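Have a look at run-v5.cif; it's mmCIF, C-alpha atoms:
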```cif
data_run
loop_
_atom_site.label_atom_id
_atom_site.label_comp_id
_atom_site.auth_asym_id
_atom_site.auth_seq_id
_atom_site.Cartn_x
_atom_site.Cartn_y
_atom_site.Cartn_z
CA MET A 4 -39.91 25.02 51.21
CA LYS A 5 -40.23 27.51 53.99
CA TRP A 6 -38.95 28.18 57.48
CA ILE A 7 -41.13 27.80 60.56
CA PHE A 8 -39.95 29.53 63.74
CA LYS A 9 -41.21 28.69 67.18
CA THR A 10 -40.30 29.78 70.69
CA LYS A 11 -40.67 27.11 73.35
CA VAL A 12 -41.44 28.23 76.88
CA ASN A 13 -41.07 26.23 80.08
CA GLU A 14 -43.65 25.82 82.89
CA ASN A 15 -42.78 29.28 84.28
CA GLY A 16 -43.39 30.96 80.96
CA GLU A 17 -39.68 31.70 80.43
CA VAL A 18 -38.08 31.16 77.06
CA ASP A 19 -36.71 27.61 76.97
CA LYS A 20 -35.38 27.31 73.43
CA TYR A 21 -35.87 28.70 69.97
CA LYS A 22 -36.75 26.22 67.28
CA ALA A 23 -36.26 26.63 63.56
CA ARG A 24 -37.69 24.06 61.27
CA LEU A 25 -37.44 23.71 57.52
CA VAL A 26 -40.67 22.33 56.11
CA ALA A 27 -41.57 21.08 52.67
CA LYS A 28 -44.72 22.32 51.01
CA GLY A 29 -46.38 18.90 50.90
CA TYR A 30 -49.43 20.18 49.04
CA CYS A 31 -47.31 20.41 45.87
CA HIS A 32 -46.99 16.61 45.84
CA GLN A 33 -48.60 14.66 43.04
CA HIS A 34 -49.98 11.24 43.84
CA GLY A 35 -48.18 8.44 41.99
CA ILE A 36 -45.26 10.70 41.15
CA ASP A 37 -43.92 12.06 44.41
CA TYR A 38 -45.53 9.53 46.71
CA ALA A 39 -47.67 6.41 46.52
CA GLU A 40 -48.77 5.68 50.07
CA VAL A 41 -49.59 7.82 53.07
CA PHE A 42 -49.65 6.16 56.46
CA ALA A 43 -47.88 6.17 59.79
CA PRO A 44 -47.09 3.12 61.90
CA VAL A 45 -49.16 3.58 65.05
CA ALA A 46 -50.74 1.50 67.77
CA GLY A 47 -54.43 2.09 68.41
CA LEU A 48 -55.63 3.32 71.79
CA ASP A 49 -57.44 0.01 72.32
CA THR A 50 -54.17 -1.85 71.94
CA ILE A 51 -52.49 0.40 74.46
CA ARG A 52 -55.33 -0.10 76.95
CA ILE A 53 -55.05 -3.89 76.52
CA VAL A 54 -51.32 -3.72 77.23
CA ILE A 55 -51.95 -1.59 80.33
CA ALA A 56 -54.62 -4.02 81.53
CA LEU A 57 -52.31 -6.98 80.95
CA ALA A 58 -49.45 -5.30 82.78
CA ALA A 59 -51.69 -4.43 85.73
CA GLN A 60 -53.03 -7.96 85.97
CA ASN A 61 -49.56 -9.51 85.97
CA SER A 62 -47.91 -6.81 88.11
CA TRP A 63 -45.54 -5.86 85.27
CA VAL A 64 -43.94 -2.44 85.08
CA ILE A 65 -44.43 -0.47 81.85
CA TYR A 66 -41.47 1.55 80.62
CA GLN A 67 -41.35 4.32 78.08
CA LEU A 68 -38.80 5.37 75.47
CA ASP A 69 -39.00 8.24 73.06
CA VAL A 70 -37.04 8.90 69.89
CA LYS A 71 -35.34 12.30 69.80
CA SER A 72 -36.40 14.22 66.69
CA ALA A 73 -37.99 11.15 65.08
CA PHE A 74 -38.60 12.89 61.79
CA LEU A 75 -34.95 13.49 61.08
CA ASN A 76 -34.11 9.79 61.29
CA GLY A 77 -35.92 8.46 58.31
CA GLU A 78 -34.46 7.96 54.87
CA ILE A 79 -36.91 8.15 51.97
CA ASN A 80 -37.09 5.89 48.95
CA GLU A 81 -38.87 8.09 46.44
CA GLU A 82 -37.06 10.80 44.50
CA VAL A 83 -38.26 14.08 46.00
CA PHE A 84 -36.88 17.43 44.92
CA VAL A 85 -37.17 20.70 46.81
CA ASP A 86 -36.33 24.33 46.16
CA GLN A 87 -33.37 25.78 47.97
CA PRO A 88 -34.29 26.91 51.50
CA PRO A 89 -35.05 30.64 51.72
CA GLY A 90 -32.00 32.55 52.89
CA TYR A 91 -29.61 29.74 51.96
CA GLU A 92 -29.64 29.90 48.18
CA GLN A 93 -26.30 29.12 46.53
CA LYS A 94 -24.99 32.18 44.72
CA GLY A 95 -25.03 31.69 40.96
CA HIS A 96 -27.07 28.47 41.25
CA GLU A 97 -30.40 29.96 42.36
CA SER A 98 -32.43 27.97 39.86
CA LYS A 99 -31.09 24.57 41.02
CA VAL A 100 -33.00 22.21 43.29
CA TYR A 101 -31.99 19.69 45.94
CA ARG A 102 -32.81 15.99 46.03
CA LEU A 103 -33.87 14.91 49.51
CA LYS A 104 -32.07 12.05 51.22
CA LYS A 105 -34.00 12.24 54.48
CA ALA A 106 -37.58 13.17 55.33
CA LEU A 107 -38.70 16.71 56.01
CA TYR A 108 -41.76 17.95 57.88
CA GLY A 109 -44.66 18.45 55.54
CA LEU A 110 -43.79 15.60 53.21
CA LYS A 111 -46.37 12.89 52.67
CA GLN A 112 -43.62 10.38 53.37
CA ALA A 113 -42.65 12.03 56.66
CA PRO A 114 -44.82 10.05 59.10
CA ARG A 115 -43.42 6.78 57.80
CA ALA A 116 -39.76 7.75 57.74
CA MET B 28 -47.83 -4.01 68.91
CA PHE B 29 -44.91 -6.45 68.92
CA ILE B 30 -44.59 -9.45 71.17
CA LYS B 31 -41.47 -11.48 71.80
CA THR B 32 -41.66 -14.74 73.69
CA VAL B 33 -38.69 -16.76 74.85
CA GLY B 34 -38.61 -20.21 76.43
CA GLY B 35 -39.56 -20.43 80.10
CA GLY B 36 -42.57 -18.12 79.70
CA LYS B 37 -40.49 -14.98 79.22
CA ILE B 38 -42.32 -12.25 77.35
CA LEU B 39 -41.67 -8.74 76.05
CA ILE B 40 -44.46 -6.54 74.64
CA VAL B 41 -43.71 -3.36 72.72
CA CYS B 42 -46.18 -0.72 71.49
CA VAL B 43 -45.07 1.97 69.07
CA TYR B 44 -46.77 5.30 68.51
CA VAL B 45 -44.78 7.32 65.94
CA ASP B 46 -41.76 8.38 68.04
CA ASP B 47 -43.06 7.19 71.39
CA LEU B 48 -42.89 3.64 72.52
CA ILE B 49 -43.82 1.67 75.61
CA PHE B 50 -42.71 -1.77 76.61
CA THR B 51 -43.57 -4.22 79.34
CA GLY B 52 -43.09 -7.86 80.17
CA ASN B 53 -41.72 -10.16 82.83
CA ASP B 54 -38.00 -10.38 82.19
CA GLN B 55 -35.29 -7.87 83.08
CA MET B 56 -32.87 -9.42 80.58
CA LEU B 57 -35.29 -8.90 77.68
CA PHE B 58 -35.85 -5.30 78.81
CA ALA B 59 -32.12 -4.59 78.85
CA GLN B 60 -31.54 -6.29 75.48
CA PHE B 61 -34.37 -4.39 73.83
CA LYS B 62 -33.37 -1.06 75.31
CA ASN B 63 -29.76 -1.47 74.27
CA SER B 64 -30.59 -2.38 70.70
CA MET B 65 -33.01 0.58 70.43
CA MET B 66 -30.49 2.98 71.98
CA SER B 67 -27.77 1.92 69.56
CA ALA B 68 -30.00 2.22 66.47
CA PHE B 69 -31.70 5.53 67.35
CA ASP B 70 -31.07 8.60 69.42
CA MET B 71 -33.46 7.78 72.26
CA THR B 72 -34.54 9.27 75.57
CA ASP B 73 -35.16 6.81 78.38
CA LEU B 74 -38.26 8.09 80.19
CA GLY B 75 -38.19 5.32 82.78
CA ARG B 76 -41.59 4.17 84.00
CA MET B 77 -44.50 5.08 81.76
CA ARG B 78 -46.19 8.18 83.18
CA PHE B 79 -47.61 10.13 80.28
CA PHE B 80 -48.48 8.71 76.87
CA LEU B 81 -50.60 10.36 74.12
CA GLY B 82 -52.11 12.76 76.61
CA ILE B 83 -53.01 9.90 78.93
CA GLU B 84 -51.68 10.07 82.47
CA VAL B 85 -50.55 6.71 83.81
CA LEU B 86 -50.18 6.02 87.53
CA GLN B 87 -48.44 2.71 88.23
CA ARG B 88 -49.32 1.89 91.81
CA THR B 89 -48.73 -1.15 93.98
CA ASP B 90 -52.39 -2.19 93.73
CA GLY B 91 -52.77 -1.64 89.98
CA ILE B 92 -52.59 0.94 87.19
CA PHE B 93 -54.76 4.05 86.94
CA ILE B 94 -55.09 5.94 83.67
CA SER B 95 -56.82 9.28 83.18
CA GLN B 96 -56.88 12.35 80.93
CA ARG B 97 -57.33 14.92 83.67
CA LYS B 98 -55.19 17.50 81.94
CA TYR B 99 -56.83 16.95 78.57
CA ALA B 100 -60.31 17.23 80.12
CA GLN B 101 -59.31 20.53 81.70
CA GLU B 102 -57.99 21.75 78.35
CA ILE B 103 -61.28 20.91 76.63
CA LEU B 104 -63.20 22.91 79.22
CA GLU B 105 -60.92 25.90 78.74
CA ARG B 106 -60.99 25.64 74.96
CA PHE B 107 -64.78 25.75 74.85
CA LYS B 108 -65.02 28.36 77.61
CA MET B 109 -66.72 26.00 80.06
CA ASP B 110 -64.03 26.01 82.75
CA GLN B 111 -66.06 28.34 84.97
CA CYS B 112 -69.37 26.48 84.63
CA ASN B 113 -71.30 24.71 87.37
CA SER B 114 -70.96 20.96 87.36
CA VAL B 115 -73.80 18.45 87.07
CA HIS B 116 -73.96 14.86 88.31
CA ASN B 117 -74.71 13.04 85.06
CA PRO B 118 -73.79 13.50 81.38
CA ALA B 119 -77.45 13.65 80.32
CA VAL B 120 -80.85 13.81 82.00
CA PRO B 121 -82.05 10.17 82.48
CA SER B 122 -84.36 8.88 79.72
CA PHE B 123 -83.68 12.02 77.75
CA LYS B 124 -84.27 11.67 73.98
CA LEU B 125 -82.60 13.47 71.11
CA THR B 126 -84.14 13.92 67.66
CA LYS B 127 -82.86 15.33 64.39
CA ASP B 128 -84.67 18.55 65.33
CA GLU B 129 -84.96 19.71 61.73
CA GLU B 130 -87.10 22.74 62.68
CA GLY B 131 -84.72 23.82 65.46
CA ILE B 132 -82.35 26.77 65.12
CA LYS B 133 -79.12 25.56 63.50
CA VAL B 134 -75.78 26.13 65.23
CA ASP B 135 -72.21 26.35 63.92
CA SER B 136 -71.50 22.79 62.82
CA THR B 137 -67.72 23.34 62.90
CA LEU B 138 -67.83 24.23 66.60
CA TYR B 139 -70.13 21.28 67.27
CA LYS B 140 -67.79 18.87 65.47
CA GLN B 141 -64.81 20.26 67.37
CA ILE B 142 -66.51 19.61 70.71
CA VAL B 143 -67.64 16.12 69.69
CA GLY B 144 -64.18 15.30 68.33
CA SER B 145 -62.51 16.39 71.58
CA LEU B 146 -65.00 14.37 73.61
CA MET B 147 -64.35 11.30 71.45
CA TYR B 148 -60.68 11.36 72.37
CA LEU B 149 -61.66 11.69 76.01
CA THR B 150 -63.61 8.41 75.83
CA ALA B 151 -60.22 6.64 75.73
CA THR B 152 -60.20 6.71 79.53
CA ARG B 153 -63.86 7.64 80.13
CA PRO B 154 -66.25 4.78 79.36
CA ASP B 155 -68.91 6.75 81.28
CA LEU B 156 -68.97 9.22 78.37
CA MET B 157 -69.11 6.62 75.62
CA PHE B 158 -72.88 6.42 75.32
CA ILE B 159 -73.61 10.14 75.25
CA VAL B 160 -70.71 10.89 72.90
CA SER B 161 -71.94 8.24 70.45
CA LEU B 162 -75.38 9.80 70.67
CA ILE B 163 -74.35 13.41 70.05
CA SER B 164 -71.99 12.39 67.26
CA ARG B 165 -75.01 11.27 65.22
CA TYR B 166 -76.11 14.88 64.79
CA MET B 167 -72.84 16.34 63.54
CA GLU B 168 -74.14 16.82 60.03
CA SER B 169 -76.77 19.42 60.93
CA PRO B 170 -76.63 20.31 64.62
CA ALA B 171 -79.40 22.43 66.19
CA GLU B 172 -79.52 24.29 69.50
CA SER B 173 -80.93 21.23 71.29
CA HIS B 174 -77.86 19.21 70.27
CA LEU B 175 -75.42 21.90 71.35
CA LEU B 176 -77.18 22.18 74.72
CA THR B 177 -76.86 18.41 75.19
CA THR B 178 -73.17 18.67 74.36
CA LYS B 179 -72.75 21.52 76.84
CA ARG B 180 -74.29 19.39 79.56
CA VAL B 181 -71.63 16.76 78.87
CA LEU B 182 -68.99 19.45 79.40
CA LYS B 183 -70.69 20.45 82.66
CA TYR B 184 -70.53 16.83 83.78
CA ILE B 185 -66.83 16.67 82.87
CA LYS B 186 -66.23 19.83 84.92
CA GLY B 187 -67.05 17.89 88.10
CA THR B 188 -65.31 14.69 87.05
CA THR B 189 -61.97 15.69 85.44
CA ASN B 190 -60.11 13.22 87.68
CA PHE B 191 -62.16 10.22 86.54
CA GLY B 192 -60.35 7.46 84.66
CA ILE B 193 -59.92 3.71 84.49
CA PHE B 194 -58.33 1.66 87.25
CA TYR B 195 -56.90 -1.72 86.29
CA LYS B 196 -56.63 -3.81 89.43
CA LYS B 197 -53.69 -6.11 90.01
CA GLY B 198 -54.39 -9.84 89.75
CA GLY B 199 -57.80 -11.30 89.04
CA ASN B 200 -58.58 -13.66 86.20
CA ALA B 201 -58.60 -12.67 82.53
CA GLU B 202 -62.23 -13.58 82.02
CA PHE B 203 -63.98 -11.39 79.50
CA PHE B 204 -67.41 -9.92 80.22
CA GLY B 205 -69.83 -8.19 77.89
CA TYR B 206 -73.14 -6.51 78.57
CA THR B 207 -75.68 -5.33 76.08
CA ASP B 208 -78.96 -3.47 76.22
CA ASN B 209 -81.18 -3.07 73.19
CA ASP B 210 -83.42 -0.05 72.97
CA TYR B 211 -85.61 -0.37 69.92
CA ALA B 212 -88.34 2.06 70.87
CA GLY B 213 -85.98 4.74 72.18
CA ASP B 214 -85.27 6.19 68.78
CA GLN B 215 -87.85 8.86 68.03
CA GLU B 216 -87.20 8.90 64.28
CA ASP B 217 -86.85 5.51 62.65
CA ARG B 218 -86.86 3.12 65.61
CA ARG B 219 -83.68 1.47 64.56
CA SER B 220 -81.80 -0.51 67.16
CA THR B 221 -79.29 1.28 69.35
CA SER B 222 -77.01 -0.92 71.42
CA GLY B 223 -75.13 0.46 74.35
#
```

If you took the structure in this file and wrote it as structure tokens, what would it be?
Amino acid sequence: MKWIFKTKVNENGEVDKYKARLVAKGYCHQHGIDYAEVFAPVAGLDTIRIVIALAAQNSWVIYQLDVKSAFLNGEINEEVFVDQPPGYEQKGHESKVYRLKKALYGLKQAPRA
Amino acid sequence: MFIKTVGGGKILIVCVYVDDLIFTGNDQMLFAQFKNSMMSAFDMTDLGRMRFFLGIEVLQRTDGIFISQRKYAQEILERFKMDQCNSVHNPAVPSFKLTKDEEGIKVDSTLYKQIVGSLMYLTATRPDLMFIVSLISRYMESPAESHLLTTKRVLKYIKGTTNFGIFYKKGGNAEFFGYTDNDYAGDQEDRRSTSG
């Protein structure tokens, strides 16, 4: 695991917020052991265009919702273990690992969670 | 895509894209029900009317819906340093033919693929680019200068047409039309059929 730091700026180029994100090193995964399937539930662009066309034809209004921090919502089924996050190791237990309950960025399971 | 129909012709259509979702239909009650159940299950932001989705700008007007990727088109031009170029009136010279050009000077295939890939996403709201993008994408494996020049002309065309998009007019019937044009002799290499 490692930390990713990012500074978000607004339209005027001023600092909006600082983001810190803990990511898993997904490339350490082994197929069949850590994960079995990789996919994300998405709608194709064609589908979206059809919906827009349908809405236009029938004079319907299209509304939009967005999930705040979608990645942090998902629980995962597989047993996935990670090292302790850098800077937050438990004193005297440095060699222990965590078992994940929820998805982390970088995991193969993340897009589905 | 998920569709819910209730007696009396009531309908709710929902499209999900990872953490973004859009919904439409003809019944305020269904809207409210759906929104409430989503809001209670997840931490959601209500963005109101759909205005921007997957880089596509959506303008819901009284006479219909206009979609475009104006911002994305501008970003492509900047990314490939073509934002200062002169514009042209068509994506390719009429009756222009491309070949494999095996003797031609090879160009960076990564750059070529990046341009083609960006243009492919732009075809989502730009059917006028569909033909030329399909054509240039056939030479991604080993692009030569002639292919890169063709691709650059497409960018020059985009420069003058960044505000192009698709307008879906209100009303009308849902009749489906298709057009096809076969061009067997147009292929300079193996004369295989190209439909467009």

Resolved residues for the PyMOL selection byres ((chain B) within 9 of (chain A)) as a ChimeraX atom specification: /B:28,40-53,62,69-81,87,89-92,94,151-152,194-201

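For the pair atom CA of Gly36 of chain B and atom CA of Ala59 of chain B, the interatomic distance is 17.1 Å.
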
Nearest-residue call for Ile142 of chain B, choices B:Lys31, B:Lys37, B:Arg218, B:His174, using all atoms listed in the file: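 Ranked by minimum distance to Ile142 of chain B, first place goes to B:His174.
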
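Environment of (-68.8, 19.7, 61.2): residues at most 9 Å away, judged by all atoms listed in the file, are B:Asp135, B:Ser136, B:Thr137, B:Leu138, B:Tyr139, B:Lys140, B:Gln141, B:Met167, B:Glu168, B:Ser169, B:Pro170.
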
Residues at most 10 Å from Glu216 of chain B, counting all atoms listed in the file, excluding those fewer than 5 positions away in the same chain, as a compact mmCIF listing (two decimals) with C-alpha atoms, in the coordinates of the input?
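As a result, around_12.txt now contains:
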```
# COMPACT_ATOMS: atom_id res chain seq x y z
CA LEU B 125 -82.60 13.47 71.11
CA THR B 126 -84.14 13.92 67.66
CA LYS B 127 -82.86 15.33 64.39
```

Output check: residues returned by the PyMOL selection byres ((chain A and resi 6) around 7), as a list of chain:residue names: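 The output of the PyMOL selection byres ((chain A and resi 6) around 7) on this file is A:Lys5, A:Ile7, A:Phe8, A:Ala23, A:Arg24, A:Leu25, A:Val26.
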
Nearest candidate to Ala212 of chain B (options B:Lys186, B:Lys133, B:Ser122, B:Arg180; using all atoms listed in the file):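 Answer, going by the shortest atom-to-atom distance: B:Ser122.
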
Residues selected by the PyMOL selection byres ((chain B and resi 192) around 9), written as a PyMOL selection string: chain B and resi 93-97+151-154+189-191+193-194

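Going from atom CA of Tyr148 of chain B to atom CA of Asp214 of chain B covers 25.4 Å.
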
Length of the atom CA of Gly35 of chain B to atom CA of Phe61 of chain B vector [Å]: 18.0 Å

Of the listed residues A:Asp86, A:Met4, A:Glu17, A:Gly95, that which approaches Leu107 of chain A most closely, counting only C-alpha atoms: A:Met4
